[in-house]
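Enquirer: I have a structure I would like to understand better, so I am pasting it below and will then ask my questions one at a time.
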Amino acid sequence: MRRSLIRVHSLCGFMIIAIGLMVFSANCPAEQIKFADWVGTEETDPATNIKSRQIGTVAKDDISTLWLSDPDAGGDNIELTLKSEKKIASVYFSYRIDKVDTLAIRSAVKGCESNCLIDFVPKKGELIKTMKKGLKIEFEYDSYPDIARKSMFSLRGFSKAYRWLLSK
């Protein structure tokens with residue numbers, strides 16, 4: 001008798017947890033889709049009912065994240081945001097894809113209370129084309145106090161994530 005009561009209580013507890021998860025996940029403001037090492041999020045603005053998407057990944061150092069979004073859907077540029085848990089001192093970043101000799105330096109705008117660098121890159125530009133073919137991208141930027149940070153991001157799943165970002 002006692003074993004059957006435990007099973008019934010366990011089953012009831014499991015059902016309550018499952019129903020609670022279904023209810024709360026339905027009210028979640030953002031949908032997430034996994035693309036290998038990249039994640040895509042879609043949010044709907046409750047005031048305007050407009051959907052916005054972004055894709056991102058976390059660096060190997062767990063300090064930095066890299067995000068791409070399309071703020072003006074239909075435009076020629078995409079917003080690239082490099083976020084850091086550390087305060088960023090520089091107004092530029094450099095990047096290298098797959099340790100190829102070419103190092104590109106780009107100026108950027110500081111944002112997020114000095115915790116991110118934002119730049120607009122062409123949707124069909126050289127950076128995006130190279131990221132689609134690459135395996136990893138390394139960003140370098142300066143943070144306080146005088147530390148040059150090198151953040152390595154995997155590009156595994158980037159092509160699929162980027163297609164999803166630009167799809168309607």
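Ordering of the structure tokens sets the chain letters (A, B, ...); residue numbers start at 1 within each chain; ligands are numbered from 1 in the order shown.
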Using only C-alpha atoms, find each residue of range 83-128 of chain A with at least one atom at most 12 Å away from an atom of range 50-60 of chain A; report its shortest atom-to-atom pair and that distance in Å (one decimal), sort the rows by chain and rising residue number, and return the result as a tab-separated table.
Expert:
residue	atom	partner	partner_atom	distance
A:Lys83	CA	A:Val58	CA	9.5
A:Ser84	CA	A:Ala59	CA	9.7
A:Glu85	CA	A:Ala59	CA	11.4
Enquirer: Show me, as an mmCIF file with all heavy atoms, in the first residue's frame, the residues that have an atom within 10 Å of Trp38 in chain A when counting only C-alpha atoms, minus same-chain residues fewer than 2 positions from it.
Expert:
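And here's out10.cif as it stands now:
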data_model
loop_
_atom_site.group_PDB
_atom_site.id
_atom_site.type_symbol
_atom_site.label_atom_id
_atom_site.label_comp_id
_atom_site.auth_asym_id
_atom_site.auth_seq_id
_atom_site.Cartn_x
_atom_site.Cartn_y
_atom_site.Cartn_z
ATOM 1 N N ILE A 33 16.724 29.120 -30.745
ATOM 2 C CA ILE A 33 17.002 28.019 -31.650
ATOM 3 C C ILE A 33 18.508 27.798 -31.634
ATOM 4 O O ILE A 33 19.278 28.753 -31.729
ATOM 5 C CB ILE A 33 16.520 28.328 -33.084
ATOM 6 C CG1 ILE A 33 15.022 28.579 -33.086
ATOM 7 C CG2 ILE A 33 16.888 27.206 -34.029
ATOM 8 C CD1 ILE A 33 14.486 29.061 -34.420
ATOM 9 N N LYS A 34 18.934 26.556 -31.539
ATOM 10 C CA LYS A 34 20.354 26.221 -31.462
ATOM 11 C C LYS A 34 20.871 25.841 -32.838
ATOM 12 O O LYS A 34 20.250 25.054 -33.546
ATOM 13 C CB LYS A 34 20.533 25.059 -30.476
ATOM 14 C CG LYS A 34 21.940 24.718 -30.173
ATOM 15 C CD LYS A 34 22.452 25.582 -29.060
ATOM 16 C CE LYS A 34 23.779 25.042 -28.578
ATOM 17 N NZ LYS A 34 24.772 26.007 -28.372
ATOM 18 N N PHE A 35 22.005 26.435 -33.238
ATOM 19 C CA PHE A 35 22.689 26.120 -34.484
ATOM 20 C C PHE A 35 24.135 25.763 -34.138
ATOM 21 O O PHE A 35 25.008 26.627 -34.206
ATOM 22 C CB PHE A 35 22.693 27.320 -35.433
ATOM 23 C CG PHE A 35 21.340 27.828 -35.810
ATOM 24 C CD1 PHE A 35 20.783 28.910 -35.147
ATOM 25 C CD2 PHE A 35 20.616 27.240 -36.822
ATOM 26 C CE1 PHE A 35 19.538 29.398 -35.495
ATOM 27 C CE2 PHE A 35 19.364 27.717 -37.176
ATOM 28 C CZ PHE A 35 18.829 28.801 -36.510
ATOM 29 N N ALA A 36 24.383 24.538 -33.736
ATOM 30 C CA ALA A 36 25.722 24.092 -33.300
ATOM 31 C C ALA A 36 26.211 25.004 -32.179
ATOM 32 O O ALA A 36 25.610 25.018 -31.107
ATOM 33 C CB ALA A 36 26.686 24.018 -34.462
ATOM 34 N N GLY A 40 20.064 31.316 -31.961
ATOM 35 C CA GLY A 40 19.229 32.361 -32.533
ATOM 36 C C GLY A 40 18.090 32.668 -31.580
ATOM 37 O O GLY A 40 17.496 31.750 -31.011
ATOM 38 N N ILE A 55 21.448 36.550 -33.646
ATOM 39 C CA ILE A 55 22.196 35.317 -33.465
ATOM 40 C C ILE A 55 23.448 35.646 -32.674
ATOM 41 O O ILE A 55 23.963 36.765 -32.753
ATOM 42 C CB ILE A 55 22.554 34.635 -34.805
ATOM 43 C CG1 ILE A 55 23.372 35.568 -35.710
ATOM 44 C CG2 ILE A 55 21.300 34.155 -35.502
ATOM 45 C CD1 ILE A 55 23.910 34.911 -36.966
ATOM 46 N N GLY A 56 23.919 34.686 -31.903
ATOM 47 C CA GLY A 56 25.093 34.951 -31.093
ATOM 48 C C GLY A 56 25.786 33.694 -30.638
ATOM 49 O O GLY A 56 25.262 32.580 -30.755
ATOM 50 N N THR A 57 26.990 33.892 -30.104
ATOM 51 C CA THR A 57 27.790 32.807 -29.575
ATOM 52 C C THR A 57 28.665 33.325 -28.442
ATOM 53 O O THR A 57 28.879 34.537 -28.326
ATOM 54 C CB THR A 57 28.656 32.153 -30.683
ATOM 55 O OG1 THR A 57 29.269 30.981 -30.176
ATOM 56 C CG2 THR A 57 29.707 33.105 -31.209
ATOM 57 N N VAL A 58 29.153 32.408 -27.637
ATOM 58 C CA VAL A 58 29.988 32.747 -26.485
ATOM 59 C C VAL A 58 31.430 32.380 -26.806
ATOM 60 O O VAL A 58 31.699 31.339 -27.409
ATOM 61 C CB VAL A 58 29.516 31.971 -25.228
ATOM 62 C CG1 VAL A 58 30.403 32.270 -24.041
ATOM 63 C CG2 VAL A 58 28.081 32.299 -24.920
ATOM 64 N N LEU A 66 29.448 37.354 -28.972
ATOM 65 C CA LEU A 66 29.369 37.991 -30.279
ATOM 66 C C LEU A 66 27.943 37.852 -30.779
ATOM 67 O O LEU A 66 27.398 36.750 -30.803
ATOM 68 C CB LEU A 66 30.342 37.320 -31.251
ATOM 69 C CG LEU A 66 30.419 37.868 -32.661
ATOM 70 C CD1 LEU A 66 30.925 39.315 -32.648
ATOM 71 C CD2 LEU A 66 31.338 37.012 -33.515
ATOM 72 N N TRP A 67 27.323 38.979 -31.159
ATOM 73 C CA TRP A 67 25.931 38.994 -31.603
ATOM 74 C C TRP A 67 25.814 39.688 -32.946
ATOM 75 O O TRP A 67 26.488 40.685 -33.193
ATOM 76 C CB TRP A 67 25.045 39.712 -30.587
ATOM 77 C CG TRP A 67 24.939 38.973 -29.309
ATOM 78 C CD1 TRP A 67 25.692 39.139 -28.191
ATOM 79 C CD2 TRP A 67 24.033 37.911 -29.024
ATOM 80 N NE1 TRP A 67 25.311 38.242 -27.226
ATOM 81 C CE2 TRP A 67 24.288 37.476 -27.710
ATOM 82 C CE3 TRP A 67 23.029 37.280 -29.749
ATOM 83 C CZ2 TRP A 67 23.583 36.441 -27.115
ATOM 84 C CZ3 TRP A 67 22.318 36.253 -29.148
ATOM 85 C CH2 TRP A 67 22.603 35.852 -27.850
ATOM 86 N N PHE A 153 35.993 32.777 -30.939
ATOM 87 C CA PHE A 153 34.616 32.310 -31.126
ATOM 88 C C PHE A 153 34.595 31.217 -32.189
ATOM 89 O O PHE A 153 35.242 31.352 -33.229
ATOM 90 C CB PHE A 153 33.713 33.453 -31.591
ATOM 91 C CG PHE A 153 33.605 34.583 -30.625
ATOM 92 C CD1 PHE A 153 34.431 35.693 -30.733
ATOM 93 C CD2 PHE A 153 32.673 34.558 -29.608
ATOM 94 C CE1 PHE A 153 34.330 36.753 -29.848
ATOM 95 C CE2 PHE A 153 32.563 35.605 -28.712
ATOM 96 C CZ PHE A 153 33.394 36.706 -28.838
ATOM 97 N N SER A 154 33.815 30.182 -31.957
ATOM 98 C CA SER A 154 33.627 29.127 -32.942
ATOM 99 C C SER A 154 32.670 29.628 -34.023
ATOM 100 O O SER A 154 31.712 30.343 -33.739
ATOM 101 C CB SER A 154 33.043 27.889 -32.273
ATOM 102 O OG SER A 154 32.625 26.954 -33.245
ATOM 103 N N LEU A 155 32.925 29.232 -35.249
ATOM 104 C CA LEU A 155 32.025 29.575 -36.356
ATOM 105 C C LEU A 155 31.208 28.360 -36.804
ATOM 106 O O LEU A 155 30.535 28.412 -37.826
ATOM 107 C CB LEU A 155 32.826 30.146 -37.531
ATOM 108 C CG LEU A 155 33.465 31.501 -37.263
ATOM 109 C CD1 LEU A 155 34.373 31.918 -38.417
ATOM 110 C CD2 LEU A 155 32.406 32.557 -37.017
ATOM 111 N N ARG A 156 31.252 27.297 -36.019
ATOM 112 C CA ARG A 156 30.476 26.108 -36.324
ATOM 113 C C ARG A 156 28.991 26.433 -36.171
ATOM 114 O O ARG A 156 28.548 26.842 -35.115
ATOM 115 C CB ARG A 156 30.868 24.980 -35.374
ATOM 116 C CG ARG A 156 30.588 23.606 -35.883
ATOM 117 C CD ARG A 156 31.195 22.592 -34.947
ATOM 118 N NE ARG A 156 30.620 22.718 -33.621
ATOM 119 C CZ ARG A 156 29.756 21.852 -33.105
ATOM 120 N NH1 ARG A 156 29.385 20.806 -33.799
ATOM 121 N NH2 ARG A 156 29.270 22.031 -31.903
ATOM 122 N N GLY A 157 28.237 26.309 -37.244
ATOM 123 C CA GLY A 157 26.802 26.605 -37.238
ATOM 124 C C GLY A 157 26.477 28.032 -37.649
ATOM 125 O O GLY A 157 25.305 28.403 -37.727
ATOM 126 N N PHE A 158 27.496 28.844 -37.930
ATOM 127 C CA PHE A 158 27.246 30.248 -38.275
ATOM 128 C C PHE A 158 26.432 30.386 -39.558
ATOM 129 O O PHE A 158 25.510 31.199 -39.616
ATOM 130 C CB PHE A 158 28.561 31.027 -38.407
ATOM 131 C CG PHE A 158 28.350 32.430 -38.906
ATOM 132 C CD1 PHE A 158 27.836 33.397 -38.056
ATOM 133 C CD2 PHE A 158 28.616 32.776 -40.218
ATOM 134 C CE1 PHE A 158 27.606 34.691 -38.509
ATOM 135 C CE2 PHE A 158 28.394 34.063 -40.675
ATOM 136 C CZ PHE A 158 27.887 35.017 -39.813
ATOM 137 N N SER A 159 26.753 29.620 -40.594
ATOM 138 C CA SER A 159 26.046 29.752 -41.879
ATOM 139 C C SER A 159 24.545 29.516 -41.732
ATOM 140 O O SER A 159 23.732 30.292 -42.227
ATOM 141 C CB SER A 159 26.623 28.786 -42.916
ATOM 142 O OG SER A 159 27.932 29.163 -43.235
ATOM 143 N N LYS A 160 24.179 28.452 -41.018
ATOM 144 C CA LYS A 160 22.751 28.165 -40.811
ATOM 145 C C LYS A 160 22.100 29.254 -39.962
ATOM 146 O O LYS A 160 20.978 29.678 -40.240
ATOM 147 C CB LYS A 160 22.568 26.816 -40.130
ATOM 148 C CG LYS A 160 22.809 25.655 -41.033
ATOM 149 C CD LYS A 160 22.532 24.357 -40.329
ATOM 150 C CE LYS A 160 22.794 23.184 -41.253
ATOM 151 N NZ LYS A 160 22.562 21.911 -40.569
ATOM 152 N N ALA A 161 22.793 29.697 -38.919
ATOM 153 C CA ALA A 161 22.255 30.753 -38.059
ATOM 154 C C ALA A 161 22.061 32.042 -38.855
ATOM 155 O O ALA A 161 21.046 32.721 -38.705
ATOM 156 C CB ALA A 161 23.180 30.989 -36.866
ATOM 157 N N TYR A 162 23.010 32.367 -39.714
ATOM 158 C CA TYR A 162 22.924 33.600 -40.503
ATOM 159 C C TYR A 162 21.768 33.534 -41.498
ATOM 160 O O TYR A 162 21.040 34.512 -41.666
ATOM 161 C CB TYR A 162 24.256 33.857 -41.217
ATOM 162 C CG TYR A 162 24.350 35.224 -41.822
ATOM 163 C CD1 TYR A 162 24.499 36.342 -41.026
ATOM 164 C CD2 TYR A 162 24.282 35.401 -43.201
ATOM 165 C CE1 TYR A 162 24.568 37.611 -41.578
ATOM 166 C CE2 TYR A 162 24.365 36.661 -43.762
ATOM 167 C CZ TYR A 162 24.503 37.759 -42.946
ATOM 168 O OH TYR A 162 24.572 39.021 -43.501
#
Enquirer: Provide the CA of Leu135 in chain A to CA of Ala73 in chain A distance in Å, to one decimal place.
Expert: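 Separating CA of Leu135 in chain A from CA of Ala73 in chain A is a distance of 27.1 Å.
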Enquirer: With DSSP run on the backbone, what are the alpha helix (DSSP H) residues within range 1-167 of chain A? I'd like them as a ChimeraX atom specification.
Expert: /A:2-26,126-133,158-166
Enquirer: Got a sec: who's within 7 Å of Asp119 in chain A, counting only C-alpha atoms, leaving out chain neighbours fewer than 2 positions off, as a ChimeraX atom specification?
Expert: /A:79-81,108-109,117,121
Enquirer: Export N, CA and C atoms of the chosen residues as a compact mmCIF listing (two decimals), in the first residue's frame?
Expert:
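And here is the file that came out, result_34.txt:
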# COMPACT_ATOMS: atom_id res chain seq x y z
N GLU A 79 24.13 44.58 -37.92
CA GLU A 79 24.78 45.07 -36.71
C GLU A 79 25.58 43.96 -36.04
N LEU A 80 26.86 44.19 -35.83
CA LEU A 80 27.73 43.26 -35.14
C LEU A 80 28.05 43.85 -33.78
N THR A 81 27.79 43.10 -32.71
CA THR A 81 28.02 43.58 -31.36
C THR A 81 28.93 42.62 -30.62
N ALA A 108 34.65 51.10 -34.02
CA ALA A 108 33.32 50.73 -33.53
C ALA A 108 32.84 51.78 -32.55
N VAL A 109 31.57 51.71 -32.23
CA VAL A 109 30.96 52.62 -31.27
C VAL A 109 30.82 51.88 -29.95
N LEU A 117 31.15 46.78 -28.04
CA LEU A 117 31.53 47.55 -29.23
C LEU A 117 30.55 47.17 -30.33
N VAL A 121 28.26 46.13 -40.50
CA VAL A 121 29.02 45.52 -41.58
C VAL A 121 28.06 45.16 -42.71
Enquirer: Could you check which of A:Ala104, A:Ile118, A:Cys112, A:Ile97 is closest to Leu82 in chain A, using only C-alpha atoms?
Expert: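 Of all the options, A:Ile118 lies closest to Leu82 in chain A.
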Enquirer: Tell me which protein, DNA and RNA residues are within 10 Å of Glu113 in chain A, counting only C-alpha atoms, leaving out same-chain ones fewer than 2 positions away, and put them as a PyMOL selection string.
Expert: chain A and resi 87-88+110-111+115-116
Enquirer: Create the file for the chosen residues now, containing N, CA, C and O atoms and written as a short mmCIF file (atom, residue, chain, number, x, y, z; two decimals), in the first residue's frame.
Expert:
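This is the output file part_21.cif:
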data_model
loop_
_atom_site.label_atom_id
_atom_site.label_comp_id
_atom_site.auth_asym_id
_atom_site.auth_seq_id
_atom_site.Cartn_x
_atom_site.Cartn_y
_atom_site.Cartn_z
N LYS A 87 34.94 46.03 -18.69
CA LYS A 87 34.80 47.34 -19.33
C LYS A 87 35.77 47.44 -20.51
O LYS A 87 36.94 47.09 -20.39
N ILE A 88 35.28 47.92 -21.64
CA ILE A 88 36.09 48.03 -22.85
C ILE A 88 36.67 49.43 -22.92
O ILE A 88 35.96 50.42 -22.79
N LYS A 110 31.21 52.52 -28.86
CA LYS A 110 31.04 51.91 -27.54
C LYS A 110 29.59 52.01 -27.13
O LYS A 110 28.93 53.00 -27.38
N GLY A 111 29.11 50.99 -26.51
CA GLY A 111 27.74 50.97 -26.02
C GLY A 111 27.64 50.12 -24.78
O GLY A 111 28.65 49.71 -24.21
N ASN A 115 30.53 48.24 -22.11
CA ASN A 115 30.76 46.80 -22.10
C ASN A 115 30.57 46.15 -23.47
O ASN A 115 30.58 44.93 -23.57
N CYS A 116 30.39 46.97 -24.52
CA CYS A 116 30.29 46.38 -25.85
C CYS A 116 30.77 47.36 -26.92
O CYS A 116 30.80 48.57 -26.70
#
Enquirer: Quick one: of A:Ile78, A:Ala47, A:Ile63, A:Ala89, who's nearest to Asp142 in chain A, counting only C-alpha atoms?
Expert: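 Using only C-alpha atoms, the shortest distance to Asp142 in chain A belongs to A:Ala89.
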Enquirer: Smallest atom-to-atom distance to Trp164 in chain A: which of A:Asp146, A:Glu42, A:Asp98, A:Glu140, using only C-alpha atoms?
Expert: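 The shortest atom-to-atom distance to Trp164 in chain A comes from A:Glu42.
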Enquirer: Nearest to Glu31 in chain A among A:Phe93, A:Ile128, A:Glu43, A:Phe139, with distances taken over only C-alpha atoms: which residue is it?
Expert: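 The answer is A:Glu43, which sits nearest to Glu31 in chain A.
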Enquirer: Please return, as a compact mmCIF listing (two decimals) with C-alpha atoms, in the first residue's frame, all residues of range 32-87 of chain A that DSSP assigns to strand (DSSP E) on the basis of the backbone.
Expert:
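And here is the file that came out, states-v2.txt:
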# COMPACT_ATOMS: atom_id res chain seq x y z
CA GLN A 32 15.73 30.24 -28.86
CA ILE A 33 17.00 28.02 -31.65
CA LYS A 34 20.35 26.22 -31.46
CA PHE A 35 22.69 26.12 -34.48
CA TRP A 38 25.45 29.57 -32.29
CA VAL A 39 22.02 30.40 -30.90
CA GLY A 40 19.23 32.36 -32.53
CA THR A 41 16.69 34.31 -30.51
CA GLU A 42 13.42 35.81 -31.68
CA GLU A 43 11.46 38.33 -29.60
CA THR A 44 8.19 40.08 -30.25
CA LYS A 51 9.49 40.46 -34.31
CA SER A 52 13.23 40.96 -33.99
CA ARG A 53 15.92 38.32 -34.38
CA GLN A 54 19.54 38.02 -33.41
CA ILE A 55 22.20 35.32 -33.46
CA GLY A 56 25.09 34.95 -31.09
CA THR A 57 27.79 32.81 -29.58
CA VAL A 58 29.99 32.75 -26.49
CA SER A 64 32.85 37.80 -24.37
CA THR A 65 29.86 37.18 -26.61
CA LEU A 66 29.37 37.99 -30.28
CA TRP A 67 25.93 38.99 -31.60
CA LEU A 68 24.59 39.83 -35.06
CA SER A 69 21.19 41.41 -35.62
CA ASN A 77 24.10 46.35 -43.29
CA ILE A 78 23.96 44.08 -40.28
CA GLU A 79 24.78 45.07 -36.71
CA LEU A 80 27.73 43.26 -35.14
CA THR A 81 28.02 43.58 -31.36
CA LEU A 82 30.98 42.37 -29.34
CA LYS A 83 29.99 42.24 -25.66
CA SER A 84 32.29 41.73 -22.70
